[in-house]
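See structure below.
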Amino acid sequence: MAPEEVTGEPARLVLVVGVSGAGKSTVGRLLAARLGWVYRDADEFHSEANRAKMAAGHALTDSDRRPWLEAIAEWMDRTTAAGQRAVVACSALKRGYRDELLAGRPDALLVYLHGSPELLRSRLAGRHGHFFPADLLDSQLADLQEPEPDEHPLVVEVDQPPEAVVTATLSLMGRETAVAAPAEGQHAERAPHAVVRDGSSTSADPTGASWRLVRGEQSAEVVQLGGALRGYAVAGRPVLDGFPTGSTITGGRGQLLVPWPNRVGGGRYDFGGRTLQLPLTEVENGNAIHGLLRWTPWQLLARADDAVILGTTLCPQPGYPFLLDVRVEYRLGPDGLTTAVRATNTGKEPAPYGVGQHPYLTVGTELVDSAVLTVPARYLLRTDDRGLPVGREPVDGTPYDFRAGRPIGDLRLDTAFTGLDRAPDGRALVRLAHPSGLRGVDLWLGEGTRYVQVYTGDTLAEPERRRRGVAVEAMSCPPDAFRSGTDLTVLQPGATHVLRWGLSPWGYA
């Protein structure tokens with residue numbers, strides 16, 4: 001959470017903290033350069049006596065650190081008083097040290113760089129010419145008091161390249177909306193599972209670790225499995241028909257659909273002079289459905305009170321021999337929940353790509369029949385009995401014309417729409433409203449969205465979940481785009497695609 005969201009003050013100071021080996025100096029310097037702010041490393045404020053003590057392999061005491069902290073705080077005050085903004089990199093292992101530097105400075109923001117002890121040791125072992133010896137890491141880890149929730153830290157995992165750490169930090173600060181991707185030629189050293197830390201649940205859940213986001217009366221939860229959105233509520237009222245803690249994901253609820261949304265007929269397509277065969281994951285219809293990352297554990301990259309960034313790598317495999325780095329950021333803001341999905345081709349050849357996401361909306365009605373649906377689309381895609389498009393036609397004069405907004409009734413929807421009418425800000429709004437008209441939710445379709453699939457859940461495997469919510473799926477391309485090529489994105493090596501969508505509830509206050 002940025003300082004202005006807590007105190008109303010814009011950030012003028014960023015304190016980057018973490019143990020030795022976390023990359024504080026590198027990240028702090030890059031962050032200051034990206035912001036155009038002044039940078040100082042706290043090591044510069046150590047006395048010669050402190051430096052000599054650490055070089056001899058002796059840990060500093062609190063009394064050793066007191067003058068050091070006072071010198072840093074004095075410099076911070078002088079700098080901001082002169083009208084400058086600054087980034088300071090400092091270990092600040094204990095809560096008391098951070099309080100010394102942050103208390104009474106409402107314009108200061110805390111960034112905590114977190115890494116596993118194994119990763120930190122490996123980095124220190126390869127570092128030469130620094131006065132801090134690697135064998136003092138254990139004493140730092142013993143002293144470390146990780147930031148508490150009331151410190152509102154931005155927590156960024158350091159098992160990714162420094163530029164990616166900085167971009168994730170800026171995104172959590174609200175300075176950049178793009179989700180970080182590795183620099184060309186760089187690959188993050190990632191653990192096989194996400195790190196479960198403050199702000200997350202334990203991994204006993206079948207969907208792995210989870211992270212809860214909170215902002216005012218809004219709360220959302222994101223899970224490790226597939227980076228899926230478990231739920232979103234406002235003032236205690238669910239906005240999503242999600243999946244509860246301890247349950248598996250069914251019906252695609254909240255799942256990210258990468259590297260294609262919807263279906264690929266027969267799973268067989270031609271690309272780059274090759275015929276490729278994907279696994280058939282919708283066996284009853286002989287299709288490959290909803291991509292390859294739904295059942296992959298995603299890794300925590302960064303988090304704040306009201307935002308989280310997760311990432312994974314889509315490795316070359318049968319049917320999709322391409323290499324992608326994929327990141328998703330979920331953020332609660334004053335207008336609701338924003339999602340950005342970013343995929344970068346880190347391979348050496350062009351890759352076919354599409355993306356979508358599969359949330360189910362609810363306005364609290366027992367069934368969706370009485371809910372009022374608005375879809376600002378001029379065309380629908382007609383499909384065959386396998387769910388594959390056979391043509392496009394205007395919605396005029398059909399039961400699928402929801403441009404004016406009307407109750408869903410008993411209409412069965414599993415329909416892709418396109419020709420989206422957009423507001424001046426470039427967004428198209430799909431609205432689900434309570435029959436009373438007093439509350440509802442707008443799902444907005446932003447950058448990278450050309451289609452939207454609306455599904456009333458009539459064919460779900462669990463009869464009790466049918467027609468309880470309306471799936472409104474932002475999509476970059478139509479069903480079967482891998483075969484038809486219609487609006488298919490071809491990601492060149494190094495290129496990135498971004499999909500943005502979000503939820504704006506109204507009438508819930």
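The way I read the labels, and the way they are meant: chains A, B, ... in the order of the structure tokens, residue 1 as the first residue of every chain, and ligand 1 as the first ligand shown, with later ones counted on from there.
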Neighbour list for Gly231 in chain A as a ChimeraX atom specification, cut-off 9 Å, only C-alpha atoms, skip fewer than 6 positions in-chain: /A:219-222,238-244,254,359
Export C-alpha atoms of the chosen residues as a compact mmCIF listing (two decimals), in the first residue's frame?
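Output (again.txt):
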# COMPACT_ATOMS: atom_id res chain seq x y z
CA SER A 219 -11.18 -8.24 -0.07
CA ALA A 220 -9.92 -10.72 -2.64
CA GLU A 221 -8.04 -14.00 -2.54
CA VAL A 222 -5.62 -15.46 -5.08
CA PRO A 238 -19.49 -11.90 -2.65
CA VAL A 239 -19.05 -10.40 -6.10
CA LEU A 240 -17.67 -13.65 -7.50
CA ASP A 241 -19.14 -17.15 -7.38
CA GLY A 242 -15.71 -18.59 -6.60
CA PHE A 243 -14.44 -21.68 -4.83
CA PRO A 244 -14.04 -22.11 -1.06
CA GLY A 254 -11.23 -17.76 -11.67
CA PRO A 359 -14.44 -15.55 -13.29
List every residue of range 222-388 of chain A that DSSP, applied to the backbone of this structure, assigns to strand (DSSP E or B), and report them as a PyMOL selection string. chain A and resi 222-223+225+229-234+237-238+240+255-257+263-265+268-271+274-277+282+287-289+297+299-304+307-314+317+320+324-333+336-345+351-353+356-358+360-361+372-374+377-383
8 Å contact set for Gly28 in chain A, only C-alpha atoms, chain neighbours under 2 positions out, as number ranges by chain: A: 16, 24-26, 30-32, 39, 41, 87-89
Restricting it to N, CA and C atoms, dump the selection as a PDB file, in the first residue's frame.
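Generated file (part.pdb):
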ATOM      1  N   VAL A  16      14.478   0.585   1.111  1.00  0.00           N
ATOM      2  CA  VAL A  16      14.608  -0.784   0.607  1.00  0.00           C
ATOM      3  C   VAL A  16      15.396  -1.578   1.639  1.00  0.00           C
ATOM      4  N   LYS A  24      19.885  -5.288  -2.116  1.00  0.00           N
ATOM      5  CA  LYS A  24      19.364  -3.971  -1.754  1.00  0.00           C
ATOM      6  C   LYS A  24      20.018  -2.847  -2.549  1.00  0.00           C
ATOM      7  N   SER A  25      21.339  -2.895  -2.637  1.00  0.00           N
ATOM      8  CA  SER A  25      22.050  -1.804  -3.307  1.00  0.00           C
ATOM      9  C   SER A  25      21.718  -1.764  -4.790  1.00  0.00           C
ATOM     10  N   THR A  26      21.744  -2.924  -5.425  1.00  0.00           N
ATOM     11  CA  THR A  26      21.445  -2.974  -6.862  1.00  0.00           C
ATOM     12  C   THR A  26      20.020  -2.526  -7.139  1.00  0.00           C
ATOM     13  N   LEU A  30      18.793   0.961  -9.041  1.00  0.00           N
ATOM     14  CA  LEU A  30      17.954   0.886 -10.247  1.00  0.00           C
ATOM     15  C   LEU A  30      16.606   1.557 -10.028  1.00  0.00           C
ATOM     16  N   LEU A  31      16.028   1.363  -8.839  1.00  0.00           N
ATOM     17  CA  LEU A  31      14.738   1.964  -8.537  1.00  0.00           C
ATOM     18  C   LEU A  31      14.833   3.488  -8.561  1.00  0.00           C
ATOM     19  N   ALA A  32      15.889   4.025  -7.937  1.00  0.00           N
ATOM     20  CA  ALA A  32      16.079   5.476  -7.937  1.00  0.00           C
ATOM     21  C   ALA A  32      16.253   6.006  -9.356  1.00  0.00           C
ATOM     22  N   TYR A  39      19.654   8.627  -4.704  1.00  0.00           N
ATOM     23  CA  TYR A  39      19.897   7.322  -4.086  1.00  0.00           C
ATOM     24  C   TYR A  39      21.057   7.400  -3.109  1.00  0.00           C
ATOM     25  N   ASP A  41      23.128   4.556  -0.272  1.00  0.00           N
ATOM     26  CA  ASP A  41      23.246   3.251   0.364  1.00  0.00           C
ATOM     27  C   ASP A  41      23.583   3.468   1.832  1.00  0.00           C
ATOM     28  N   VAL A  87      15.639   7.311  -2.488  1.00  0.00           N
ATOM     29  CA  VAL A  87      15.620   5.875  -2.221  1.00  0.00           C
ATOM     30  C   VAL A  87      16.838   5.556  -1.368  1.00  0.00           C
ATOM     31  N   VAL A  88      16.597   4.860  -0.249  1.00  0.00           N
ATOM     32  CA  VAL A  88      17.682   4.466   0.643  1.00  0.00           C
ATOM     33  C   VAL A  88      17.667   2.947   0.773  1.00  0.00           C
ATOM     34  N   ALA A  89      18.807   2.306   0.562  1.00  0.00           N
ATOM     35  CA  ALA A  89      18.941   0.864   0.760  1.00  0.00           C
ATOM     36  C   ALA A  89      19.592   0.623   2.113  1.00  0.00           C
TER      37      ALA A  89
END
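Residue nearest Ala343 in chain A, chosen from A:Gly446, A:Gly273, A:Gly252, A:Gly494 and counting only C-alpha atoms: A:Gly494.
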Do a neighbour search on Asp425 in chain A at 12 Å with only C-alpha atoms, toss out local chain neighbours closer than 5 positions, and write the hits as a list in words. Trp444, Leu445, Gly446 and Glu447 of chain A
With C-alpha atoms retained, could you export that selection as an mmCIF file, in the first residue's frame?
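Below is the file selection04.cif, written as the result:
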data_model
loop_
_atom_site.group_PDB
_atom_site.id
_atom_site.type_symbol
_atom_site.label_atom_id
_atom_site.label_comp_id
_atom_site.auth_asym_id
_atom_site.auth_seq_id
_atom_site.Cartn_x
_atom_site.Cartn_y
_atom_site.Cartn_z
ATOM 1 C CA TRP A 444 -14.542 -4.007 -17.799
ATOM 2 C CA LEU A 445 -12.550 -5.223 -20.774
ATOM 3 C CA GLY A 446 -9.398 -3.235 -21.417
ATOM 4 C CA GLU A 447 -6.122 -3.609 -23.300
#
Would you list the contacts of Asp384 in chain A as a PDB file with C-alpha atoms, in the first residue's frame, taking every protein, DNA or RNA residue within 12 Å and counting only C-alpha atoms, but skipping same-chain residues closer than 3 positions in sequence?
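Saved the output as out.pdb:
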ATOM      1  CA  GLY A 265     -10.752 -28.252 -32.156  1.00  0.00           C
ATOM      2  CA  ASN A 285     -15.846 -33.109 -27.432  1.00  0.00           C
ATOM      3  CA  LEU A 381     -20.197 -16.332 -32.728  1.00  0.00           C
ATOM      4  CA  GLY A 387     -18.368 -25.436 -29.028  1.00  0.00           C
ATOM      5  CA  LEU A 388     -16.345 -24.432 -32.099  1.00  0.00           C
ATOM      6  CA  PRO A 389     -17.235 -21.307 -34.134  1.00  0.00           C
ATOM      7  CA  VAL A 390     -18.999 -21.789 -37.454  1.00  0.00           C
ATOM      8  CA  GLY A 391     -19.763 -18.156 -38.194  1.00  0.00           C
ATOM      9  CA  ASP A 414     -22.239 -20.291 -23.665  1.00  0.00           C
ATOM     10  CA  THR A 415     -21.628 -17.615 -26.226  1.00  0.00           C
ATOM     11  CA  PRO A 479     -12.445 -19.976 -29.686  1.00  0.00           C
ATOM     12  CA  ASP A 480     -10.357 -22.127 -32.052  1.00  0.00           C
TER      13      ASP A 480
END
Residues within 7 Å of Val264 in chain A, please, as JSON, numbers by chain. Count only C-alpha atoms; anything in the same chain fewer than 5 positions from it doesn't count. {"A": [287, 288, 289, 479, 480, 482, 483]}
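Distances from A:Asp205, A:Pro161, A:Gly18, A:Gly104 to Gln140 in chain A were compared using only C-alpha atoms, and the smallest one belongs to A:Gly18.
Computed from the coordinates, the CA of Glu118 in chain A to CA of Leu144 in chain A distance equals 15.7 Å.
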Residues near Pro67 in chain A, anyone? I mean within 10 Å using only C-alpha atoms, not counting same-chain ones fewer than 5 positions away, as number ranges by chain. A: 45-47, 62, 72-73
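Of the listed residues A:Asn50, A:Thr489, A:Ser139, A:Thr169, the one whose atoms come nearest to Leu35 in chain A is A:Thr169, with distances taken using only C-alpha atoms.
Among A:Thr398, A:Gln317, A:Ser63, A:Gln357, the residue with the shortest atom-to-atom distance to Asn262 in chain A, counting only C-alpha atoms, is A:Gln357.
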Restricting the calculation to only C-alpha atoms: of A:Val111, A:Met475, A:Ala340, A:Val326, which residue gets closest to Gly356 in chain A? A:Met475
Per DSSP on the backbone, what are the alpha helix (DSSP H) residues of range 89-278 of chain A, as a VMD selection string? chain A and resid 95 to 102 117 to 125 137 to 143 162 to 173
Best match for closeness to Arg466 in chain A among A:Leu124, A:Glu366, A:Leu136, A:Ala59, counting only C-alpha atoms: A:Glu366
